[in-house]
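Everything below belongs to coords.tsv, which stores TSV, C-alpha atoms (C1' of nucleotides).
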chain	number	residue	atom	x	y	z
A	31	MET	CA	0.00	0.00	0.00
A	32	SER	CA	2.46	2.64	1.14
A	33	GLN	CA	5.02	3.87	-1.35
A	34	ARG	CA	8.24	1.89	-1.23
A	35	GLY	CA	11.49	3.79	-0.86
A	36	ILE	CA	14.07	4.36	-3.56
A	37	ASP	CA	16.77	1.72	-3.72
A	38	LEU	CA	19.93	3.77	-3.39
A	39	THR	CA	22.25	1.02	-4.61
A	40	THR	CA	20.62	0.91	-8.06
A	41	SER	CA	19.36	4.48	-8.33
A	42	LEU	CA	20.94	6.39	-11.19
A	43	GLY	CA	20.17	9.62	-9.37
A	44	TYR	CA	22.00	8.56	-6.25
A	45	LEU	CA	24.95	7.24	-8.21
A	46	LEU	CA	25.06	10.45	-10.22
A	47	LYS	CA	25.34	12.39	-6.98
A	48	GLU	CA	27.99	10.01	-5.68
A	49	ALA	CA	30.10	10.35	-8.82
A	50	SER	CA	29.71	14.10	-8.85
A	51	SER	CA	30.69	14.27	-5.19
A	52	ALA	CA	33.76	12.13	-5.78
A	53	LEU	CA	34.79	14.31	-8.70
A	54	ARG	CA	34.26	17.47	-6.67
A	55	THR	CA	36.40	16.18	-3.81
A	56	ALA	CA	39.18	15.08	-6.16
A	57	MET	CA	39.18	18.43	-7.95
A	58	GLU	CA	39.22	20.35	-4.68
A	59	GLU	CA	42.25	18.39	-3.54
A	60	ALA	CA	43.98	18.99	-6.88
A	61	LEU	CA	43.25	22.73	-6.89
A	62	ARG	CA	43.88	23.43	-3.19
A	63	PRO	CA	47.70	23.59	-3.59
A	64	LEU	CA	47.12	26.27	-6.22
A	65	GLY	CA	44.90	28.27	-3.89
A	66	MET	CA	42.02	27.88	-6.30
A	67	THR	CA	38.44	26.78	-5.83
A	68	ILE	CA	36.37	24.84	-8.35
A	69	THR	CA	34.14	27.77	-9.26
A	70	HIS	CA	37.28	29.89	-9.53
A	71	TYR	CA	38.81	27.41	-11.97
A	72	SER	CA	35.57	26.95	-13.92
A	73	CYS	CA	35.34	30.69	-14.44
A	74	LEU	CA	38.87	30.93	-15.86
A	75	GLU	CA	38.37	27.88	-18.08
A	76	LEU	CA	35.15	29.31	-19.49
A	77	LEU	CA	36.84	32.61	-20.22
A	78	ALA	CA	39.73	30.89	-21.98
A	79	GLN	CA	37.39	29.11	-24.37
A	80	ARG	CA	34.89	31.91	-24.87
A	81	PRO	CA	36.50	35.28	-24.14
A	82	GLY	CA	34.15	38.14	-23.44
A	83	LEU	CA	31.57	36.16	-21.51
A	84	SER	CA	29.41	38.25	-19.18
A	85	ASN	CA	28.86	37.72	-15.48
A	86	SER	CA	25.49	36.03	-15.99
A	87	GLU	CA	26.80	33.79	-18.75
A	88	LEU	CA	29.73	32.72	-16.59
A	89	ALA	CA	27.32	31.98	-13.75
A	90	ARG	CA	25.24	29.70	-15.94
A	91	GLY	CA	28.36	27.96	-17.23
A	92	ALA	CA	29.66	27.34	-13.74
A	93	PHE	CA	26.26	26.33	-12.34
A	94	VAL	CA	26.05	29.03	-9.69
A	95	THR	CA	23.86	32.11	-9.34
A	96	ARG	CA	24.92	35.33	-10.98
A	97	GLN	CA	25.25	36.86	-7.51
A	98	SER	CA	27.85	34.27	-6.51
A	99	MET	CA	29.74	34.71	-9.75
A	100	ASN	CA	29.67	38.46	-9.26
A	101	VAL	CA	31.53	38.38	-5.95
A	102	LEU	CA	34.04	35.96	-7.47
A	103	LEU	CA	34.59	38.20	-10.48
A	104	GLN	CA	35.17	41.21	-8.24
A	105	ALA	CA	37.87	39.28	-6.39
A	106	LEU	CA	39.44	38.01	-9.63
A	107	GLU	CA	39.45	41.54	-11.02
A	108	ARG	CA	40.96	42.95	-7.82
A	109	ASP	CA	43.72	40.32	-7.95
A	110	GLY	CA	44.46	40.92	-11.62
A	111	PHE	CA	43.25	37.66	-13.17
A	112	VAL	CA	40.52	39.21	-15.30
A	113	THR	CA	39.51	42.63	-16.61
A	114	ARG	CA	36.14	44.18	-17.24
A	115	PRO	CA	35.34	47.50	-18.93
A	116	GLU	CA	34.20	50.35	-16.70
A	117	GLU	CA	30.98	50.79	-18.60
A	118	ALA	CA	28.85	48.60	-20.81
A	119	ARG	CA	29.05	49.29	-24.54
A	120	VAL	CA	25.54	47.95	-24.96
A	121	GLY	CA	22.94	47.22	-22.32
A	122	LYS	CA	24.39	46.40	-18.92
A	123	VAL	CA	26.54	43.48	-20.04
A	124	LEU	CA	30.21	43.72	-19.04
A	125	PRO	CA	32.33	41.36	-21.21
A	126	THR	CA	35.14	39.78	-19.19
A	127	GLN	CA	38.65	39.00	-20.43
A	128	LEU	CA	41.51	36.95	-19.02
A	129	THR	CA	44.73	38.81	-18.24
A	130	PRO	CA	48.12	37.20	-18.97
A	131	ARG	CA	48.33	36.48	-15.26
A	132	GLY	CA	44.94	34.79	-15.36
A	133	ARG	CA	46.05	32.73	-18.33
A	134	ARG	CA	49.21	31.57	-16.56
A	135	SER	CA	47.21	30.67	-13.46
A	136	LEU	CA	44.76	28.69	-15.54
A	137	GLU	CA	47.49	26.67	-17.25
A	138	LYS	CA	48.71	25.19	-13.99
A	139	ALA	CA	45.16	24.42	-12.92
A	140	THR	CA	44.36	22.76	-16.21
A	141	VAL	CA	47.23	20.32	-15.74
A	142	ALA	CA	45.97	19.37	-12.29
A	143	VAL	CA	42.35	19.03	-13.40
A	144	ARG	CA	43.26	17.02	-16.46
A	145	ALA	CA	45.08	14.53	-14.25
A	146	VAL	CA	41.92	14.07	-12.20
A	147	GLU	CA	39.76	13.61	-15.28
A	148	ASP	CA	42.22	11.12	-16.76
A	149	ARG	CA	42.15	9.14	-13.53
A	150	MET	CA	38.36	9.16	-13.60
A	151	LEU	CA	38.27	7.93	-17.19
A	152	ALA	CA	40.88	5.21	-16.71
A	153	GLY	CA	39.33	1.82	-17.26
A	154	LEU	CA	36.64	3.07	-19.61
A	155	THR	CA	36.69	2.35	-23.32
A	156	GLN	CA	36.17	5.12	-25.84
A	157	GLU	CA	32.77	3.67	-26.62
A	158	GLU	CA	31.73	3.63	-22.97
A	159	GLN	CA	32.76	7.26	-22.65
A	160	SER	CA	30.79	8.44	-25.67
A	161	ASN	CA	27.78	6.42	-24.58
A	162	ALA	CA	28.00	8.06	-21.17
A	163	LEU	CA	28.09	11.47	-22.83
A	164	ILE	CA	24.87	10.66	-24.68
A	165	VAL	CA	23.10	9.41	-21.58
A	166	LEU	CA	24.13	12.41	-19.47
A	167	ARG	CA	23.03	14.84	-22.19
A	168	SER	CA	19.67	13.07	-22.30
A	169	MET	CA	19.25	13.44	-18.54
A	170	VAL	CA	20.12	17.11	-18.61
A	171	HIS	CA	17.65	17.72	-21.40
A	172	ALA	CA	14.87	15.79	-19.69
A	173	LEU	CA	15.31	17.75	-16.46
A	174	ARG	CA	15.09	21.20	-18.02
A	175	ASP	CA	12.34	23.46	-16.75
A	176	ASP	CA	11.10	24.19	-20.24
A	177	ASN	CA	10.66	20.48	-20.88
A	178	GLN	CA	7.91	19.45	-18.55
A	179	ASP	CA	5.63	17.27	-20.68
A	180	VAL	CA	6.08	18.26	-24.30
A	181	ASN	CA	6.55	15.67	-27.00
A	182	PRO	CA	10.11	15.01	-28.13
A	183	ALA	CA	10.42	17.66	-30.85
A	184	ASP	CA	13.97	17.64	-32.14
A	185	HIS	CA	15.35	21.11	-32.60
B	15	MET	CA	53.78	24.26	-26.35
B	16	SER	CA	51.45	25.52	-23.66
B	17	GLN	CA	48.83	23.14	-22.29
B	18	ARG	CA	45.57	23.38	-24.19
B	19	GLY	CA	42.38	23.88	-22.21
B	20	ILE	CA	39.73	21.29	-21.53
B	21	ASP	CA	36.92	21.21	-24.06
B	22	LEU	CA	33.86	21.67	-21.92
B	23	THR	CA	31.40	20.54	-24.58
B	24	THR	CA	32.87	17.03	-24.72
B	25	SER	CA	34.23	16.75	-21.17
B	26	LEU	CA	32.61	13.96	-19.20
B	27	GLY	CA	33.56	15.77	-16.00
B	28	TYR	CA	31.80	18.94	-17.04
B	29	LEU	CA	28.74	17.06	-18.24
B	30	LEU	CA	28.67	15.10	-15.00
B	31	LYS	CA	28.57	18.37	-13.10
B	32	GLU	CA	25.87	19.73	-15.40
B	33	ALA	CA	23.68	16.66	-14.96
B	34	SER	CA	24.20	16.67	-11.22
B	35	SER	CA	23.34	20.35	-11.06
B	36	ALA	CA	20.18	19.83	-13.09
B	37	LEU	CA	19.13	16.95	-10.85
B	38	ARG	CA	19.82	19.00	-7.74
B	39	THR	CA	17.73	21.91	-8.99
B	40	ALA	CA	14.85	19.62	-9.97
B	41	MET	CA	14.90	17.88	-6.61
B	42	GLU	CA	15.02	21.17	-4.72
B	43	GLU	CA	11.94	22.36	-6.59
B	44	ALA	CA	10.17	19.09	-5.91
B	45	LEU	CA	11.01	19.09	-2.19
B	46	ARG	CA	10.49	22.82	-1.53
B	47	PRO	CA	6.67	22.54	-1.23
B	48	LEU	CA	7.27	19.92	1.47
B	49	GLY	CA	9.64	22.22	3.36
B	50	MET	CA	12.42	19.71	2.91
B	51	THR	CA	15.97	20.06	1.67
B	52	ILE	CA	17.91	17.45	-0.31
B	53	THR	CA	20.22	16.54	2.53
B	54	HIS	CA	17.16	16.37	4.78
B	55	TYR	CA	15.46	13.94	2.39
B	56	SER	CA	18.62	11.89	1.86
B	57	CYS	CA	18.98	11.42	5.58
B	58	LEU	CA	15.42	10.12	5.98
B	59	GLU	CA	15.74	7.83	2.95
B	60	LEU	CA	18.97	6.36	4.28
B	61	LEU	CA	17.38	5.73	7.67
B	62	ALA	CA	14.37	4.04	6.09
B	63	GLN	CA	16.57	1.56	4.27
B	64	ARG	CA	19.15	1.02	6.97
B	65	PRO	CA	17.71	1.87	10.38
B	66	GLY	CA	20.19	2.55	13.14
B	67	LEU	CA	22.78	4.35	11.05
B	68	SER	CA	25.06	6.66	13.02
B	69	ASN	CA	25.69	10.32	12.38
B	70	SER	CA	28.97	9.67	10.57
B	71	GLU	CA	27.50	6.91	8.45
B	72	LEU	CA	24.59	9.15	7.43
B	73	ALA	CA	27.06	11.89	6.54
B	74	ARG	CA	28.97	9.59	4.22
B	75	GLY	CA	25.76	8.36	2.64
B	76	ALA	CA	24.51	11.89	2.00
B	77	PHE	CA	27.93	13.14	0.84
B	78	VAL	CA	28.32	15.84	3.47
B	79	THR	CA	30.66	16.20	6.44
B	80	ARG	CA	29.67	14.65	9.74
B	81	GLN	CA	29.53	18.17	11.19
B	82	SER	CA	26.85	19.19	8.70
B	83	MET	CA	24.89	16.02	9.29
B	84	ASN	CA	25.14	16.58	13.01
B	85	VAL	CA	23.37	19.95	12.91
B	86	LEU	CA	20.72	18.45	10.64
B	87	LEU	CA	20.17	15.49	12.98
B	88	GLN	CA	19.77	17.82	15.96
B	89	ALA	CA	17.05	19.71	14.09
B	90	LEU	CA	15.34	16.49	12.95
B	91	GLU	CA	15.42	15.16	16.50
B	92	ARG	CA	14.06	18.43	17.90
B	93	ASP	CA	11.18	18.35	15.38
B	94	GLY	CA	10.37	14.70	16.10
B	95	PHE	CA	11.40	13.07	12.82
B	96	VAL	CA	14.12	10.88	14.30
B	97	THR	CA	15.23	9.61	17.70
B	98	ARG	CA	18.65	8.91	19.15
B	99	PRO	CA	19.52	7.27	22.45
B	100	GLU	CA	20.84	9.53	25.21
B	101	GLU	CA	24.02	7.53	25.59
B	102	ALA	CA	25.99	5.22	23.36
B	103	ARG	CA	25.72	1.51	24.13
B	104	VAL	CA	29.16	0.94	22.65
B	105	GLY	CA	31.80	3.49	21.76
B	106	LYS	CA	30.42	6.91	20.92
B	107	VAL	CA	28.11	5.79	18.13
B	108	LEU	CA	24.49	6.93	18.48
B	109	PRO	CA	22.21	4.78	16.27
B	110	THR	CA	19.40	6.85	14.75
B	111	GLN	CA	15.83	5.70	14.13
B	112	LEU	CA	12.93	7.15	12.15
B	113	THR	CA	9.82	8.06	14.12
B	114	PRO	CA	6.35	7.41	12.67
B	115	ARG	CA	6.21	11.10	11.87
B	116	GLY	CA	9.53	10.87	10.06
B	117	ARG	CA	8.27	7.90	8.10
B	118	ARG	CA	5.12	9.74	7.03
B	119	SER	CA	7.15	12.77	5.99
B	120	LEU	CA	9.47	10.57	3.96
B	121	GLU	CA	6.62	8.92	2.07
B	122	LYS	CA	5.44	12.19	0.57
B	123	ALA	CA	8.98	13.14	-0.35
B	124	THR	CA	9.64	9.80	-2.00
B	125	VAL	CA	6.70	10.33	-4.33
B	126	ALA	CA	8.04	13.74	-5.38
B	127	VAL	CA	11.60	12.51	-5.83
B	128	ARG	CA	10.51	9.45	-7.77
B	129	ALA	CA	8.68	11.70	-10.22
B	130	VAL	CA	11.89	13.66	-10.81
B	131	GLU	CA	13.92	10.52	-11.31
B	132	ASP	CA	11.35	9.10	-13.71
B	133	ARG	CA	11.45	12.31	-15.71
B	134	MET	CA	15.24	12.12	-15.83
B	135	LEU	CA	15.16	8.52	-17.05
B	136	ALA	CA	12.47	9.08	-19.66
B	137	GLY	CA	13.88	8.46	-23.11
B	138	LEU	CA	16.54	6.04	-21.91
B	139	THR	CA	16.34	2.32	-22.62
B	140	GLN	CA	16.87	-0.20	-19.86
B	141	GLU	CA	20.21	-1.09	-21.40
B	142	GLU	CA	21.35	2.52	-21.50
B	143	GLN	CA	20.46	2.89	-17.85
B	144	SER	CA	22.36	-0.17	-16.71
B	145	ASN	CA	25.34	0.81	-18.83
B	146	ALA	CA	25.29	4.24	-17.22
B	147	LEU	CA	25.26	2.59	-13.79
B	148	ILE	CA	28.38	0.64	-14.68
B	149	VAL	CA	30.21	3.67	-16.02
B	150	LEU	CA	29.36	5.82	-13.00
B	151	ARG	CA	30.46	3.08	-10.60
B	152	SER	CA	33.74	2.85	-12.47
B	153	MET	CA	34.31	6.59	-12.14
B	154	VAL	CA	33.55	6.58	-8.43
B	155	HIS	CA	35.94	3.71	-7.89
B	156	ALA	CA	38.72	5.32	-9.91
B	157	LEU	CA	38.46	8.58	-7.97
B	158	ARG	CA	38.73	7.03	-4.52
B	159	ASP	CA	41.60	8.25	-2.37
B	160	ASP	CA	42.77	4.72	-1.64
B	161	ASN	CA	43.07	4.06	-5.35
B	162	GLN	CA	45.85	6.35	-6.45
B	163	ASP	CA	48.09	4.18	-8.62
B	164	VAL	CA	47.66	0.60	-7.53
B	165	ASN	CA	47.07	-2.14	-10.05
B	166	PRO	CA	43.46	-3.20	-10.54
B	167	ALA	CA	43.20	-5.68	-7.68
B	168	ASP	CA	39.59	-6.76	-7.47
B	169	HIS	CA	37.99	-6.60	-4.06
C	44	DC	C1'	50.38	-2.55	30.24
C	45	DA	C1'	51.38	1.70	27.64
C	46	DA	C1'	51.75	4.18	23.41
C	47	DC	C1'	49.71	4.86	19.28
C	48	DC	C1'	46.27	5.29	15.78
C	49	DT	C1'	41.68	5.67	14.12
C	50	DA	C1'	36.85	6.89	14.38
C	51	DT	C1'	33.19	9.30	16.52
C	52	DG	C1'	30.25	13.24	18.37
C	53	DT	C1'	30.33	17.92	19.06
C	54	DC	C1'	31.32	23.00	19.40
C	55	DA	C1'	32.87	27.28	17.21
C	56	DG	C1'	34.31	30.21	13.45
C	57	DA	C1'	35.16	30.83	8.38
C	58	DA	C1'	34.02	30.28	3.65
C	59	DT	C1'	30.85	29.81	0.16
C	60	DA	C1'	26.47	29.97	-2.15
C	61	DC	C1'	21.77	31.35	-2.04
C	62	DT	C1'	17.35	34.36	-1.72
C	63	DG	C1'	15.47	38.95	-1.78
C	64	DA	C1'	15.55	43.40	-3.61
C	65	DC	C1'	16.58	47.40	-6.54
C	66	DA	C1'	17.82	50.19	-10.61
C	67	DT	C1'	18.75	50.11	-15.34
C	68	DG	C1'	18.92	48.92	-20.34
C	69	DA	C1'	16.77	46.46	-24.34
C	70	DG	C1'	13.09	44.41	-26.79
C	71	DT	C1'	7.91	43.86	-27.62
C	72	DC	C1'	3.39	45.35	-28.44
C	73	DA	C1'	-0.65	48.10	-28.70
D	264	DT	C1'	5.23	57.00	-27.88
D	265	DG	C1'	4.18	54.56	-23.56
D	266	DA	C1'	3.45	50.31	-20.95
D	267	DC	C1'	5.01	45.93	-20.31
D	268	DT	C1'	8.25	42.18	-19.91
D	269	DC	C1'	12.69	40.35	-19.47
D	270	DA	C1'	17.68	40.15	-18.53
D	271	DT	C1'	21.54	42.12	-16.33
D	272	DG	C1'	24.73	43.95	-12.58
D	273	DT	C1'	24.90	44.71	-7.92
D	274	DC	C1'	24.07	45.31	-2.82
D	275	DA	C1'	22.58	43.27	1.50
D	276	DG	C1'	21.26	39.62	4.54
D	277	DT	C1'	20.51	34.68	5.25
D	278	DA	C1'	21.52	29.91	5.03
D	279	DT	C1'	24.18	26.02	4.42
D	280	DT	C1'	28.36	23.70	4.30
D	281	DC	C1'	33.02	23.39	5.35
D	282	DT	C1'	37.57	23.63	8.14
D	283	DG	C1'	39.66	23.60	12.64
D	284	DA	C1'	39.74	21.85	17.14
D	285	DC	C1'	38.83	19.03	21.24
D	286	DA	C1'	37.57	15.05	24.21
D	287	DT	C1'	36.56	10.36	24.22
D	288	DA	C1'	36.04	5.28	23.01
D	289	DG	C1'	38.04	1.22	20.86
D	290	DG	C1'	41.46	-1.40	18.57
D	291	DT	C1'	46.43	-2.36	17.59
D	292	DT	C1'	51.15	-3.02	18.47
D	293	DG	C1'	55.35	-3.05	20.89

Is it possible to give me this structure as structure tokens?
Amino acid sequence: MSQRGIDLTTSLGYLLKEASSALRTAMEEALRPLGMTITHYSCLELLAQRPGLSNSELARGAFVTRQSMNVLLQALERDGFVTRPEEARVGKVLPTQLTPRGRRSLEKATVAVRAVEDRMLAGLTQEEQSNALIVLRSMVHALRDDNQDVNPADH
Amino acid sequence: MSQRGIDLTTSLGYLLKEASSALRTAMEEALRPLGMTITHYSCLELLAQRPGLSNSELARGAFVTRQSMNVLLQALERDGFVTRPEEARVGKVLPTQLTPRGRRSLEKATVAVRAVEDRMLAGLTQEEQSNALIVLRSMVHALRDDNQDVNPADH
DNA sequence: CAACCTATGTCAGAATACTGACATGAGTCA
DNA sequence: TGACTCATGTCAGTATTCTGACATAGGTTG
């Protein structure tokens, strides 16, 4: 009669959280010697690949609120890792750029993070990895707010 | 010469974080009407499946520190969702039990969480799901602290 | 037995992220 | 043009989690 619980040992949701937690811990340990946090690193990595990203765009890319990213950006700007124009050229958007110092800092972090990711992927075939990519993308898509109960309409 | 960045669009680590973030947001929205947080729910679910778990064991199962779980347990005990003995029968371990009220509260939450998980799994075949389980377990294992560079020695 | 190590529960302070709120700029629509 | 909606940057306060620290219980090892 009463609803049975969710079996944690076979729940994809639980295992997803476990894997994410393990990755987070490993990355924190790898970045700690560099005095860098995960959000800190994510911000620099995003800026390296897509220079000129705004505060809100960086927030979405790093999976935090724009308020959290804002305080981080102010610290990064104060310490000379990034630069932002005084005023917006259009709207209120302030495009952010990496400084040479920010780029150097990111390079060390990338080495450390890549080592963690390589360790995580060890023991998985190329096919398993690409299958995992597909499955994770499907989960992300299915969980979107704007995807409550509509039929699968491909872009 | 210089280390190239990590391509976020094809990085399993980044996608893992994205999926985990999406799941977290969806679960928060589902649990908010019940006045329950994710850690809160995780604690009750763990106790339902393995009654008598200690504070530290619950912390590991919910992927938080034992300090965080401790403050949560004190609140849950104060509000009558769980009970703990005054003194430890052996060592310092205080086995925790769900109260009837805690069990009722959990049942509503399980329904909400199951709906989220079903939505996440929609569009995935049974085979894709079990393959994803295997891949995630492999990642978790590879990231363990006590698994730095030893040869694959099974259990 | 004594020294050591590990695990646990707990308190206190620090760090981090979040919610709420406000003003402003851009696009839409009647 | 004016009203409306939406997104952005930012400030302030709150909440949650973490790190540091301590005392204690149990097992291990010499």

Do a neighbour search on range 71-88 of chain A at 10 Å with all atoms listed in the file, toss out local chain neighbours closer than 4 positions, and write the hits as a PDB file with C-alpha atoms (C1' of nucleotides), in the coordinates of the input.
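What landed in out_13.pdb:
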ATOM      1  CA  MET A  57      39.180  18.430  -7.950  1.00  0.00           C
ATOM      2  CA  LEU A  61      43.250  22.730  -6.890  1.00  0.00           C
ATOM      3  CA  MET A  66      42.020  27.880  -6.300  1.00  0.00           C
ATOM      4  CA  THR A  67      38.440  26.780  -5.830  1.00  0.00           C
ATOM      5  CA  ALA A  92      29.660  27.340 -13.740  1.00  0.00           C
ATOM      6  CA  PHE A  93      26.260  26.330 -12.340  1.00  0.00           C
ATOM      7  CA  VAL A  94      26.050  29.030  -9.690  1.00  0.00           C
ATOM      8  CA  THR A  95      23.860  32.110  -9.340  1.00  0.00           C
ATOM      9  CA  ARG A  96      24.920  35.330 -10.980  1.00  0.00           C
ATOM     10  CA  GLN A  97      25.250  36.860  -7.510  1.00  0.00           C
ATOM     11  CA  SER A  98      27.850  34.270  -6.510  1.00  0.00           C
ATOM     12  CA  MET A  99      29.740  34.710  -9.750  1.00  0.00           C
ATOM     13  CA  ASN A 100      29.670  38.460  -9.260  1.00  0.00           C
ATOM     14  CA  VAL A 101      31.530  38.380  -5.950  1.00  0.00           C
ATOM     15  CA  LEU A 102      34.040  35.960  -7.470  1.00  0.00           C
ATOM     16  CA  LEU A 103      34.590  38.200 -10.480  1.00  0.00           C
ATOM     17  CA  LEU A 106      39.440  38.010  -9.630  1.00  0.00           C
ATOM     18  CA  PHE A 111      43.250  37.660 -13.170  1.00  0.00           C
ATOM     19  CA  VAL A 112      40.520  39.210 -15.300  1.00  0.00           C
ATOM     20  CA  THR A 113      39.510  42.630 -16.610  1.00  0.00           C
ATOM     21  CA  ARG A 114      36.140  44.180 -17.240  1.00  0.00           C
ATOM     22  CA  LYS A 122      24.390  46.400 -18.920  1.00  0.00           C
ATOM     23  CA  VAL A 123      26.540  43.480 -20.040  1.00  0.00           C
ATOM     24  CA  LEU A 124      30.210  43.720 -19.040  1.00  0.00           C
ATOM     25  CA  PRO A 125      32.330  41.360 -21.210  1.00  0.00           C
ATOM     26  CA  THR A 126      35.140  39.780 -19.190  1.00  0.00           C
ATOM     27  CA  GLN A 127      38.650  39.000 -20.430  1.00  0.00           C
ATOM     28  CA  LEU A 128      41.510  36.950 -19.020  1.00  0.00           C
ATOM     29  CA  GLY A 132      44.940  34.790 -15.360  1.00  0.00           C
ATOM     30  CA  ARG A 133      46.050  32.730 -18.330  1.00  0.00           C
ATOM     31  CA  SER A 135      47.210  30.670 -13.460  1.00  0.00           C
ATOM     32  CA  LEU A 136      44.760  28.690 -15.540  1.00  0.00           C
ATOM     33  CA  GLU A 137      47.490  26.670 -17.250  1.00  0.00           C
ATOM     34  CA  ALA A 139      45.160  24.420 -12.920  1.00  0.00           C
ATOM     35  CA  THR A 140      44.360  22.760 -16.210  1.00  0.00           C
ATOM     36  CA  VAL A 143      42.350  19.030 -13.400  1.00  0.00           C
TER      37      VAL A 143
ATOM     38  CA  ARG B  18      45.570  23.380 -24.190  1.00  0.00           C
ATOM     39  CA  GLY B  19      42.380  23.880 -22.210  1.00  0.00           C
ATOM     40  CA  ILE B  20      39.730  21.290 -21.530  1.00  0.00           C
ATOM     41  CA  ASP B  21      36.920  21.210 -24.060  1.00  0.00           C
ATOM     42  CA  LEU B  22      33.860  21.670 -21.920  1.00  0.00           C
ATOM     43  CA  TYR B  28      31.800  18.940 -17.040  1.00  0.00           C
TER      44      TYR B  28
ATOM     45  C1'  DA D 270      17.680  40.150 -18.530  1.00  0.00           C
ATOM     46  C1'  DT D 271      21.540  42.120 -16.330  1.00  0.00           C
ATOM     47  C1'  DG D 272      24.730  43.950 -12.580  1.00  0.00           C
TER      48       DG D 272
END

Two-atom distance - CA of Gly153 in chain A, CA of Leu37 in chain B (Å): 26.0 Å

Minimum-distance residue to chain A, chosen among B:Ala156, B:Ala102, B:Ala89, B:Ile52 (using only C-alpha atoms):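 That would be B:Ala156, the residue with the smallest distance to chain A.
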
Distance filter 6 Å, all atoms listed in the file, chain B against chain A, as a PyMOL selection string: chain B and resi 33+134+153-154+156-157

Near-range 281-285 of chain D list (9 Å; all atoms listed in the file; drop same-chain fewer than 5 positions) as a ChimeraX atom specification: /B:79,81-82 /C:53-59

Which of A:Gly121, A:Thr129, A:Pro115, A:Arg108 sits closest to chain C [using all atoms listed in the file]: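 Nearest candidate to chain C out of A:Gly121, A:Thr129, A:Pro115, A:Arg108: A:Gly121.
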
Contact set, chain D to chain B: 12 Å, all atoms listed in the file, as a list in words: DA278, DT279, DT280, DC281, DT282, DG283, DA286, DT287, DA288, DG289 and DG290 of chain D

For DC72 in chain C: contacts at 12 Å, all atoms listed in the file, fewer than 6 positions along chain excluded, given as a list in words: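 Residues near the query, excluding close chain neighbours: DT264, DG265, DA266, DC267 and DT268 of chain D.
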
7 Å contacts from chain C to chain A using all atoms listed in the file, as an MDAnalysis selection string: chainID C and resid 60 68:69

Distance of CA of Glu58 in chain A from CA of Gln104 in chain A, expressed in Å to one decimal place: 21.5 Å

Distance of CA of Glu107 in chain A from CA of Glu59 in chain A, expressed in Å to one decimal place: 24.5 Å

Mind giving me the axis-aligned box for range 93-110 of chain A with 5 Å on every side, centre plus edges in Å to one decimal, as JSON?
{"center_x": 34.2, "center_y": 34.6, "center_z": -9.1, "size_x": 30.6, "size_y": 26.6, "size_z": 16.4}

Could you please fill out range 104-112 of chain A with N, CA, C and O atoms and send it back as a compact mmCIF listing (two decimals), keeping the file's coordinate frame?
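Saved result, selection-v2.txt, follows:
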# COMPACT_ATOMS: atom_id res chain seq x y z
N GLN A 104 34.60 40.02 -8.88
CA GLN A 104 35.17 41.21 -8.24
C GLN A 104 36.51 40.87 -7.61
O GLN A 104 37.47 41.66 -7.67
N ALA A 105 36.60 39.69 -6.99
CA ALA A 105 37.87 39.28 -6.39
C ALA A 105 38.91 39.00 -7.47
O ALA A 105 40.08 39.41 -7.34
N LEU A 106 38.51 38.33 -8.54
CA LEU A 106 39.44 38.01 -9.63
C LEU A 106 39.94 39.29 -10.30
O LEU A 106 41.11 39.39 -10.68
N GLU A 107 39.06 40.28 -10.41
CA GLU A 107 39.45 41.54 -11.02
C GLU A 107 40.41 42.29 -10.10
O GLU A 107 41.43 42.82 -10.54
N ARG A 108 40.10 42.29 -8.80
CA ARG A 108 40.96 42.95 -7.82
C ARG A 108 42.36 42.33 -7.81
O ARG A 108 43.37 43.05 -7.68
N ASP A 109 42.43 41.00 -7.99
CA ASP A 109 43.72 40.32 -7.95
C ASP A 109 44.41 40.24 -9.31
O ASP A 109 45.48 39.63 -9.44
N GLY A 110 43.78 40.81 -10.32
CA GLY A 110 44.46 40.92 -11.62
C GLY A 110 44.39 39.69 -12.50
O GLY A 110 45.23 39.52 -13.38
N PHE A 111 43.39 38.84 -12.31
CA PHE A 111 43.25 37.66 -13.17
C PHE A 111 42.34 37.94 -14.37
O PHE A 111 42.47 37.28 -15.39
N VAL A 112 41.44 38.87 -14.21
CA VAL A 112 40.52 39.21 -15.30
C VAL A 112 40.35 40.72 -15.36
O VAL A 112 40.69 41.44 -14.40
